[in-house]
Every structure is written in C-alpha cells, then in structure tokens.
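Please read the structure below before turning to the comments.
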Amino acid sequence: MATVDIRQVYKNFGSTKILHGVSVGIEDGQFVVLVGPSGCGKSTLLRMLAGLENISGGEIAIGGRVVNNVPPKDRDIAMVFQNYALYPHMTVFQNMAFSMKLAGAPKEVMEREVQKAAKILGLGDLLHRFPRQLSGGQRQRVAMGRAIVRNPQVFLFDEPLSNLDAKLRVQMRSEIKELHQRLKVTTVYVTHDQIEAMTMADLIVVMNHGRIEQAGAPLELYDRPANLFVAGFIGSPAMNMIEGRIEGGAFQGPGGVAWPLPAGAPTSGEVVYGIRPEHLRLDPNGLEGVVNVLEPTGSETQVVMHVGGAHLLGAFRERISTRHGEVLRVSPDPSLIHLFDKATGQRL
Amino acid sequence: MSVTAEEAWVRQAKAQSALSKLFDWKPFLVFVCMLPAAGLLLVFLTYPLGLGIWLAFTDTTIGRSGRWVGLENFEFMLEDPIWWNAVFYSVFYTGVATVLKFGLGLWLALLLNNHLPFKSMLRAIILLPWIVPTVLTAVAFWWIYNPQFSIISWVFIELGLRETNIDFINTAWPARWSLIAANVWRGIPFVAISLLAGLQTISPSLYEAALLDGSTGWQRFRYITFPMLLPILAIVMTFSIIFTFTDFQLVYAITRGGPVNSTHLLATLAFQRGIPGGQLGEGAAIAVSMIPFLVFATLFSYFALARRKWQQGESND
C-alpha cells in the first residue's frame, strides 16, 4: 500500500501532446477513478503509472519514490487490462502463479497464495481450466486474481468492465469495490463510464483533452461541477444546459421564457443555465413545456419537452400520463440550479 | 376524388422450370459444385500419383511398356548403395536445413516484429529469395560455388585469407554443405514471414502483463512467445520439411547429384534413374520410397506440435 503522486506530468507522442501537465495526489488506500471521454489521456496516464509508457515531463512517485526511470517490474504494481491479457496457453492456476514462478517462488508458496486469492474471488473450481473455457466474468476474476497474488502496493485497472454485458458489469463493479474494501490497496481505475466512476470512487478525476477538469469526491462533482464539461459528463441523464442571459432578476432563456434564479446569483451577464433532469418538479404554476417524447422507465418517467425554444429533459418519480403535444408545467428547484459563465464555461 | 382504375399488382407464384427444380435439389447441386474440384484432383493429382505407384511395380523403361514385377524394384533398391546414400543425404539435408531455417527464420521474425525503421521495406526485401525462381537461385549459387569464378573464393584471396580457390562442390562433404546453405538461403523467407505472421497474432498486452509480472526478455520468449507460436510453428515446419525433403531443383541444377552421387536426394535420384536413365519403373520405385518418410514427418509435426489443449474451445474436463 502506498501513496501515489502525479506531479505536472506531460506526455507527447512525437509532436502530438497527450497530457498537458496533470497533477493528482492519491492517498494510501484510496480508490481513484480517472474518467473522461475516449482520447482524453486517462489510459495513457495509467500506462505511465504502470511504466508501460515513458514520462515526457514531470514526475510520478509511488510510495514516495520517484519511479520515472524504474522499470515496470520494479514498481510493485499490478494491472488488470481491458482485454484481461490472460495467458491463453496457461491454466488459471498458472496464470495466477506466473509472477511467482518468474520470481522463483517454491511450489508450496505458489499453491498457498493462489488458493488464497482463488478463495477471495470464488475461483476454486476453475484453477485447472484454460482461459478459453471461462466466461467473461470468470476471466475478469482471474485477471484480478493475478493482480491480487502479486500483493502489490498499487492496483491499476484499465477499463476492466467494458467487455462485459450490462448486468455482469454491475455485479463486477460491486465485487471490485468489495475487494478494495477488503484489501485496502491504493487503486487507480480508468473508465469512460461516469456511473462506474460515481459508484466506485473515493476520488474522481475528470479528464478532458489531456487536462484535469475537476478532481473531487463523487457527490462533490455531482453537486458542484466546476465547469460545463464536468456538469455535462457527470450525472445520468445529463444536465440540461440552456444558454441565455441574466436580466431583471431572472434568467432569460430562448423564446422569452424567464427562469427562476438561485439566491446569490449574479445580476447580469451571459450565462449557461444548468438544471439536472431529476431536479425538475411538476408544478401547476411552473414553466410551460410542450411534451415531445415520453420515456417511462418504470422507476421514473423521463419527458423531453420544449420550453420556449429550449430542449428540456425532465425525470420525474411520478407516473405521468401525458402525450406528445400536450403541455406540462414544471419548475426547477432553485437551490439546485447551476450557473456557468458562457464565455469561459466556468461555474459562477 | 376520382377513382383511378389502376389494378393492384399482386405477386404471383411463378411456375418453376424443370432445370431450376433440378438445381434446387440439394444432392444434385452438391454433385455439380464438387465436380470441378474433384475433376482437377482426379486428373492432376490422383492419376499421376496412381500411375507413379503403378510404375513402381513394373519394369517399364522408356519406349517399352512394362510388366508387373511385384516388389522386384524395391528389392533391388534396398540393395543399392546409391539409394541408401540418397536416403542418408535426404534426411541429413532436410534435418540440417530445417534446423537452420527455423533458427534463423525465427530470429529474423523476432527482429522484424520489433518497431524498426523501414519495417515494411525490410519485410519486402526479406521475401526476395522466396520470390526468385528456384532455378535462378540455383544458377546464382552454381556461379557462387564455381571452382574458378567463385566470388567467395575471390574475396578470401583478395583479403589474403586464402591462397587457393575454395572447393565448394567438387568433393562430397563440401558439396553437401554448400547445397544445404543454398536451400537455407532460399527457405528462410518462408519461415520468417510465416512466423512473423504468427508473432503478430500474439496480443501485445500479454507482453505488457508479463512485463508487469516481472519477466525478463528471455522469460517472455520462453513462456509467452514460444508456446504461443508453437501451433503455427508446427504447420510451417510440416510444410518446410515436405518442401525440403522433396527438393529437386536446387540440387539438380547445382550438382546433378554429384560428385559421384554424393549429393543425390531421393527426388533427384528418382529423376536420374527414370528419365535420363530410362528406367521408369526403378525411378518410380525410388519416388514411392519417399512416401513413408513424408508421412512420418507429417504425422510427427502434426501430432507432436500442432493442437494444444488450450486452443480447443469450451469443453470442460
């Protein structure tokens, strides 16, 4: 177990700049999720942590030791790959024992450690099978078992759930989290799925175009997104964002609709008005929305409507019976409105 | 609104002609589709093979159709020191050339699998010995090995390392080794390119995982590359052994089996006896005598190396 410090890290592939000075401090035992759209540099950062990519600038320290020039095998890390990278010609046992075999561990030790990890992951019956004979979820577990056996200071996960079906993903998500609570090993987890990030992380690092947009606890990011990117990325369904200006104590949206403002809002300026779909409520005195599409999911009803010229998605716990073209009156919860500067995209 | 008198078009079932019915009949269709391939195989493979085997049991010579003589040709062959010599050299030639081709070919494939500048150009150059017609290779080597004009001899003499020309193909053992060298030169590209294709199917993430597992370069080769390459290695080796064992052109064009029959392969000896020597039956018997060797080599490669348990699918033991 160890802290991980990423200090002003840069990465270039030739003249292409991938990371522009990224800094993250990770505490001992923390579960950190790097999240962002594809191409944002999150996987590259993870691979730099693992030592699979060179560091073009800055420093990475694991447990206080700068590892920029330390080869991967001496960094004391274990990584779970997106495609699991199980050795197809080795049984589950051999896969898990491989690192010990390379290190020349005696047979009893290999047997003991593998059995221990297999027990944690429920792989006991599968030890003599080959990866081909396993299901996706089982392969995933073997990949984790291989990492556990190493007993590393840091676990790295590179989009480990993206090859699984939706149901299994949810199950493995909680298994990984449970495993982390049990082993308490510092973990860095890369995903593009914000729900995975929200549900698993102690600390979420939202990345975009090789920069960190915001780092913080999941609910902090949800409650107070620092900018438009984070606001749009975190939360599902995504936040409604309406462009307009503040005038006369209200937000003037498209079509001349006046939206309520939270207390302490600026009194003028061009802004983006953000309201999460779940923070709209039905209100007979609210804004007039023309229903476009109704999507009942069972637990809630999502309604796409037009308010003035603005598209607005609402998610309501109530069962609504309305139809295309009908009018629905809604109002945003004033305390849960997010205002962003239109020019900079930063939170106001 | 005026009602137009358009008649609605109704799809009608068309009566099927007898011919189209026939082609819809699966057994007939299967037969027709198989016919070209089966015809080619019968005419160009089965017939010559069958004729060759038949000739081996007759005393046919050129210009005289033979009589059935049973195993006489084979009995004669087994007492013939030249045949035994050809067996020895065929096995020796195949064995040594295969080991060298695979050693060097694998090494070359591993090199080419790295990120090199001008990678694709290098790969194309590697293929050159393979695309040159064999006879052209043979002529080039014949010239290289020429007792008088050999470029190798010339270089050695110019460098002052030797005083006389090297004798490449005029005594038995140098000739044997020289032919093997030519065969290896020609065979490496096939091995290298095939193994390179095999190497490229190995996922780079396996190497990364092994890197994190703490492996050295040799360990990655020993535990990842080699076992994962074995299946393709087995297939390529089977082909290579067959091609090498049945080699004819190189040897015949460079030494014609000489000096004093020392470099005869079974194929060259069979040809020598059958066509210039006119003893078609005897030549055919020598050719047929290659079959057991080839079957054995094929079975060995196939069963010893080919299918691994980990490649097989779902079955649970």
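Ordering of the structure tokens sets the chain letters (A, B, ...), residue numbers begin anew at 1 in every chain, and ligands are numbered from 1 in the order given.
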
Could you tell me which residues of chain A sit within 6 Å of chain B when counting only C-alpha atoms, and give me the result as a tab-separated table (two decimals) with C-alpha atoms, in the first residue's frame?
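Full text of iface.tsv as output:
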```
chain	number	residue	atom	x	y	z
A	72	PRO	CA	7.57	-1.77	-14.61
A	73	LYS	CA	8.57	-4.94	-12.79
A	85	ALA	CA	-4.43	-10.23	-21.06
A	89	HIS	CA	-1.77	-21.30	-23.00
A	99	SER	CA	4.66	-13.80	-11.42
A	130	PHE	CA	-7.76	-22.57	-19.62
A	133	GLN	CA	-13.07	-22.27	-21.16
```

| message | Can you measure CA of Gly21 (chain A) to CA of Val271 (chain A) for me? One decimal in Å is fine. | response | 28.8 Å

| said: Would you pick out the contacts of Leu22 (chain B) at 12 Å or less, using only C-alpha atoms, so that residues sharing its chain but fewer than 6 positions from it are not included, and give the list as a list in words? | reply: Gln16, Phe28, Leu29, Val30, Phe31 and Val32 of chain B

Pull C-alpha atoms from the residues just selected and write them as an mmCIF file, in the first residue's frame.
```cif
data_model
loop_
_atom_site.group_PDB
_atom_site.id
_atom_site.type_symbol
_atom_site.label_atom_id
_atom_site.label_comp_id
_atom_site.auth_asym_id
_atom_site.auth_seq_id
_atom_site.Cartn_x
_atom_site.Cartn_y
_atom_site.Cartn_z
ATOM 1 C CA GLN B 16 -40.641 -23.413 -61.715
ATOM 2 C CA PHE B 28 -27.605 -32.657 -57.476
ATOM 3 C CA LEU B 29 -26.355 -29.207 -56.534
ATOM 4 C CA VAL B 30 -23.706 -30.674 -54.268
ATOM 5 C CA PHE B 31 -22.584 -33.008 -57.034
ATOM 6 C CA VAL B 32 -22.382 -30.225 -59.599
#
```

| task | Please report, as JSON, numbers by chain, each residue of region 241-322 of chain A to which DSSP assigns strand (DSSP E) when run on this structure's backbone. | result | {"A": [241, 242, 243, 244, 245, 246, 247, 250, 251, 252, 258, 259, 269, 270, 271, 272, 273, 274, 275, 280, 281, 282, 283, 284, 285, 286, 287, 288, 289, 290, 291, 292, 293, 294, 295, 296, 301, 302, 303, 304, 305, 306, 307, 310, 311, 312, 313, 314, 315, 316]}

Near Ile195 (chain A), counting only C-alpha atoms, which residues have an atom at most 9 Å away, once you skip same-chain residues fewer than 6 positions from it, shown as a short mmCIF file (atom, residue, chain, number, x, y, z; two decimals) with N, CA and C atoms, in the first residue's frame?
```
data_model
loop_
_atom_site.label_atom_id
_atom_site.label_comp_id
_atom_site.auth_asym_id
_atom_site.auth_seq_id
_atom_site.Cartn_x
_atom_site.Cartn_y
_atom_site.Cartn_z
N ILE A 234 -20.79 14.29 -15.73
CA ILE A 234 -21.23 13.58 -14.52
C ILE A 234 -22.74 13.70 -14.39
N GLY A 235 -23.38 12.60 -14.10
CA GLY A 235 -24.83 12.61 -13.95
C GLY A 235 -25.49 11.98 -15.16
N SER A 236 -26.48 11.14 -14.90
CA SER A 236 -27.19 10.48 -15.99
C SER A 236 -28.66 10.41 -15.62
#
```
